[in-house]
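Report on one structure; see the data block that follows.
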Amino acid sequence: MTLHPEIATFIASLPAPPEGPLDPVALRAADEAHVAPLEERLPLHAVDDVTAKTAAGEVPVRIYSPVEADSYGVLVYFHGGAFFLGSLETHDHVARSLAKETGLKVVSVGYRLAPEAAFPAGLDDCYAVARWVAEEGTGLAWDGTTLAVAGDSSGGTFAAAVAARAHDDGFDRITHQILYYPSLDLDFDVDRYPSLRENAVGYGLETAGLKPFNAFYLDSGADPADPLVSPIKRTDLTGLPPALVVTAEHDPMRDEGELYGERLSEAGVEATLSRYGGAGHGFVQHFSWIPEYHAVFTLTRDFLGRS
């Protein structure tokens, strides 16, 4: 299937990448410039900015309540951005859609970013907020049942790592992991996965850009051989929570996500794999306004409902 025409038109309009070393501050400013004004955002019952006082320190979170209710299941969401980009603002629309479509209270995590915060600061924040939800459940009106973790791209990396870390620590409250086109193998060996070659050029995220974009994280102390950095390196996947793994047809990282889903199934973990045709990396963040890609949120709802 060819790239969706509206995505192809957008990619063709993008300027050439800047020459020289990447500037994280400038790239963040450009990312934030595309945030929709508040009055154009999907309305929900309540959206509250809160500071979570966790074992990792104070972490900013944004809490989305879809409707007025006495209690809710909770989904903890980690935004993408190659570990150095993204914020509560840039992914606000994703969190709102997750809350509306799933009916869960969504807790979006403003974790610390590389390179200013060295590994494992961002992961520590994400894990600590997942535990904070369980510990502060009464104050959050958590109903004590569903506690899912979800993320897109590098946020999917964190979701997989948080689920694994919780399992190893004996923290058994996480019920689901939802990985949207996750980055699961950060050594970027182009011979390892065909999708790194098939989708190398022309689909937005390019294979040659993976190393420089992730260098801020890797140079901060994240070792690609560490299963908490590259979750696909984990040898024993038994006992992990049920997983929804969403991939994009034209994503260089498509195959590592699908391999991870297959390995979860082989380990006896309930794993649902769904590849979105015509899509490239980042479609949940950038193109979920296209009806066939917005359906990823109802897929998520259905997955949470049957597991």
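Residue numbering restarts at 1 in every chain; chains get A, B, ... in the order shown in the structure tokens, and ligands count up from 1 in that same order.
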Considering only C-alpha atoms, return as a ChimeraX atom specification whatever protein or nucleic-acid residues lie within 12 Å of range 255-257 of chain A, sequence-local ones (same chain, fewer than 3 positions apart) excluded.
/A:152-154,156-157,160,178-199,230-233,243-252,260-264,271-275,281
Keeping only N, CA and C atoms, write the selected residues as a compact mmCIF listing (two decimals), in the first residue's frame.
# COMPACT_ATOMS: atom_id res chain seq x y z
N ASP A 152 3.81 6.53 22.57
CA ASP A 152 4.09 6.51 21.14
C ASP A 152 5.58 6.73 20.92
N SER A 153 6.15 5.95 19.98
CA SER A 153 7.56 6.08 19.61
C SER A 153 8.45 5.88 20.84
N SER A 154 9.27 6.86 21.22
CA SER A 154 10.10 6.70 22.42
C SER A 154 9.25 6.56 23.67
N GLY A 156 6.63 4.78 23.66
CA GLY A 156 6.37 3.35 23.65
C GLY A 156 7.53 2.56 24.22
N THR A 157 8.75 3.04 23.99
CA THR A 157 9.92 2.44 24.63
C THR A 157 9.75 2.48 26.14
N ALA A 160 7.02 0.02 27.44
CA ALA A 160 7.51 -1.36 27.51
C ALA A 160 8.49 -1.53 28.66
N ILE A 178 0.45 -0.49 26.05
CA ILE A 178 0.01 -0.09 24.71
C ILE A 178 1.16 0.64 24.05
N LEU A 179 1.66 0.07 22.96
CA LEU A 179 2.88 0.57 22.32
C LEU A 179 2.55 1.00 20.90
N TYR A 180 2.55 2.31 20.67
CA TYR A 180 2.32 2.84 19.33
C TYR A 180 3.66 3.03 18.63
N TYR A 181 3.87 2.29 17.55
CA TYR A 181 5.13 2.28 16.77
C TYR A 181 6.35 2.51 17.67
N PRO A 182 6.56 1.59 18.62
CA PRO A 182 7.63 1.80 19.61
C PRO A 182 9.02 1.64 19.02
N SER A 183 9.96 2.34 19.62
CA SER A 183 11.39 2.18 19.34
C SER A 183 11.93 1.20 20.37
N LEU A 184 12.22 -0.02 19.94
CA LEU A 184 12.53 -1.09 20.89
C LEU A 184 13.95 -1.62 20.78
N ASP A 185 14.68 -1.18 19.75
CA ASP A 185 16.05 -1.66 19.56
C ASP A 185 16.89 -0.47 19.13
N LEU A 186 17.60 0.11 20.08
CA LEU A 186 18.28 1.37 19.83
C LEU A 186 19.71 1.21 19.32
N ASP A 187 20.07 0.01 18.84
CA ASP A 187 21.39 -0.07 18.23
C ASP A 187 21.33 0.24 16.73
N PHE A 188 20.13 0.28 16.13
CA PHE A 188 19.92 0.74 14.75
C PHE A 188 20.80 0.02 13.73
N ASP A 189 20.97 -1.26 13.92
CA ASP A 189 21.70 -2.08 12.96
C ASP A 189 20.80 -2.30 11.74
N VAL A 190 21.16 -1.70 10.60
CA VAL A 190 20.27 -1.75 9.43
C VAL A 190 20.16 -3.15 8.85
N ASP A 191 21.06 -4.05 9.22
CA ASP A 191 20.96 -5.42 8.73
C ASP A 191 20.01 -6.27 9.56
N ARG A 192 19.55 -5.72 10.68
CA ARG A 192 18.74 -6.52 11.60
C ARG A 192 17.28 -6.61 11.16
N TYR A 193 16.75 -5.52 10.62
CA TYR A 193 15.33 -5.47 10.28
C TYR A 193 15.13 -4.96 8.85
N PRO A 194 14.39 -5.70 8.03
CA PRO A 194 14.15 -5.23 6.65
C PRO A 194 13.51 -3.85 6.58
N SER A 195 12.66 -3.50 7.54
CA SER A 195 11.97 -2.21 7.47
C SER A 195 12.94 -1.03 7.55
N LEU A 196 14.11 -1.23 8.17
CA LEU A 196 15.10 -0.16 8.22
C LEU A 196 15.64 0.14 6.82
N ARG A 197 15.58 -0.85 5.94
CA ARG A 197 16.04 -0.65 4.56
C ARG A 197 14.88 -0.28 3.65
N GLU A 198 13.76 -0.98 3.80
CA GLU A 198 12.60 -0.74 2.93
C GLU A 198 12.04 0.67 3.10
N ASN A 199 12.07 1.18 4.32
CA ASN A 199 11.48 2.48 4.63
C ASN A 199 12.53 3.53 4.97
N SER A 230 16.60 -0.79 25.28
CA SER A 230 16.11 -1.53 24.10
C SER A 230 15.30 -2.72 24.61
N PRO A 231 14.01 -2.56 24.85
CA PRO A 231 13.23 -3.64 25.47
C PRO A 231 13.26 -4.95 24.71
N ILE A 232 13.54 -4.93 23.42
CA ILE A 232 13.58 -6.18 22.66
C ILE A 232 14.78 -7.04 23.07
N LYS A 233 15.74 -6.45 23.78
CA LYS A 233 16.90 -7.21 24.26
C LYS A 233 16.56 -8.08 25.48
N ALA A 243 -0.42 -6.88 25.82
CA ALA A 243 0.14 -5.79 25.03
C ALA A 243 -0.65 -5.56 23.75
N LEU A 244 -0.82 -4.29 23.42
CA LEU A 244 -1.26 -3.88 22.09
C LEU A 244 -0.07 -3.21 21.43
N VAL A 245 0.38 -3.76 20.30
CA VAL A 245 1.51 -3.19 19.57
C VAL A 245 1.01 -2.72 18.22
N VAL A 246 1.07 -1.41 18.01
CA VAL A 246 0.61 -0.80 16.77
C VAL A 246 1.83 -0.38 15.96
N THR A 247 1.87 -0.80 14.71
CA THR A 247 2.97 -0.41 13.84
C THR A 247 2.43 0.31 12.60
N ALA A 248 3.34 0.96 11.88
CA ALA A 248 2.99 1.68 10.65
C ALA A 248 3.73 1.03 9.48
N GLU A 249 3.03 0.84 8.38
CA GLU A 249 3.60 0.14 7.24
C GLU A 249 4.91 0.76 6.76
N HIS A 250 4.98 2.09 6.72
CA HIS A 250 6.14 2.77 6.14
C HIS A 250 7.04 3.38 7.22
N ASP A 251 7.23 2.65 8.29
CA ASP A 251 8.06 3.10 9.41
C ASP A 251 9.34 2.28 9.43
N PRO A 252 10.52 2.91 9.49
CA PRO A 252 11.75 2.13 9.61
C PRO A 252 11.74 1.18 10.81
N TYR A 260 8.69 -7.83 18.49
CA TYR A 260 8.45 -7.81 19.94
C TYR A 260 7.07 -8.39 20.25
N GLY A 261 6.07 -8.01 19.47
CA GLY A 261 4.74 -8.56 19.67
C GLY A 261 4.72 -10.07 19.51
N GLU A 262 5.43 -10.57 18.50
CA GLU A 262 5.50 -12.00 18.29
C GLU A 262 6.21 -12.71 19.44
N ARG A 263 7.28 -12.10 19.94
CA ARG A 263 8.01 -12.71 21.06
C ARG A 263 7.16 -12.70 22.34
N LEU A 264 6.37 -11.65 22.53
CA LEU A 264 5.46 -11.65 23.67
C LEU A 264 4.49 -12.82 23.58
N ALA A 271 -0.90 -10.75 23.24
CA ALA A 271 -0.38 -9.63 22.46
C ALA A 271 -1.21 -9.46 21.20
N THR A 272 -1.66 -8.25 20.98
CA THR A 272 -2.42 -7.89 19.79
C THR A 272 -1.54 -7.03 18.91
N LEU A 273 -1.31 -7.47 17.68
CA LEU A 273 -0.51 -6.72 16.71
C LEU A 273 -1.42 -6.09 15.67
N SER A 274 -1.19 -4.82 15.37
CA SER A 274 -2.00 -4.16 14.35
C SER A 274 -1.11 -3.23 13.54
N ARG A 275 -0.98 -3.53 12.24
CA ARG A 275 -0.20 -2.69 11.34
C ARG A 275 -1.15 -1.78 10.56
N HIS A 281 5.78 6.55 10.47
CA HIS A 281 6.04 6.78 11.89
C HIS A 281 5.43 8.11 12.33
For Ala114 in chain A, list every protein, DNA or RNA residue within 10 Å, evaluated using only C-alpha atoms, and leave out those in the same chain fewer than 6 positions away; present the list as a PyMOL selection string.
chain A and resi 24+82-85+120-122+214-221
Test item, alpha helix (DSSP H) assignment across range 16-168 of chain A, answer as a PyMOL selection string:
chain A and resi 24-32+92-102+121-135+137-140+154-168
CA of Val201 in chain A to CA of Ala26 in chain A: how many Å, to one decimal?
23.8 Å
Residues near Ala161 in chain A, anyone? I mean within 10 Å using only C-alpha atoms, not counting same-chain ones fewer than 6 positions away, as a list in words.
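Near Ala161 in chain A, the qualifying residues are Leu123, Cys126, Tyr127, Gly155, His167, Gln177, Leu184, Pro227, Leu228, Val229, Ser230, Pro231, Ile232 and Arg234 of chain A.
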Give the strand (DSSP E) residues of range 59-280 of chain A, as assigned by DSSP on the backbone, as a PyMOL selection string.
chain A and resi 59-65+72-78+105-109+142-152+176-180+243-250+271-280
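The nearest approach to Gly209 in chain A among the residues A:Pro21, A:Pro43, A:Gly73, A:Pro291, with only C-alpha atoms taken into account, belongs to A:Pro21.
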Write out as a PyMOL selection string each polymer residue whose atoms come within 8 Å of range 239-241 of chain A, counting only C-alpha atoms; drop sequence neighbours fewer than 5 positions from it.
chain A and resi 163-164+167+174-177+268-270
Contacts of range 54-59 of chain A within 8 Å, only C-alpha atoms, excl. fewer than 2 positions in-chain, as a list in words
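So the residues in contact are Thr51, Ala52, Val61, Val109, Gly110, Tyr111, Asp124, Asp125, Ala128, Val129 and Trp132 of chain A.
Among the candidates A:Glu6, A:Pro115, A:His91, A:Thr146, the residue lying nearest to Phe213 in chain A is A:Pro115 (atoms considered: only C-alpha atoms).
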Skip Val284 in chain A itself and residues of its chain fewer than 2 positions away, then list as a list in words all residues within 8 Å of it, counting only C-alpha atoms.
Val94, Asp152, Tyr180, Gly282, His286, Phe287, Ser288, Tyr293, His294 and Val296 of chain A
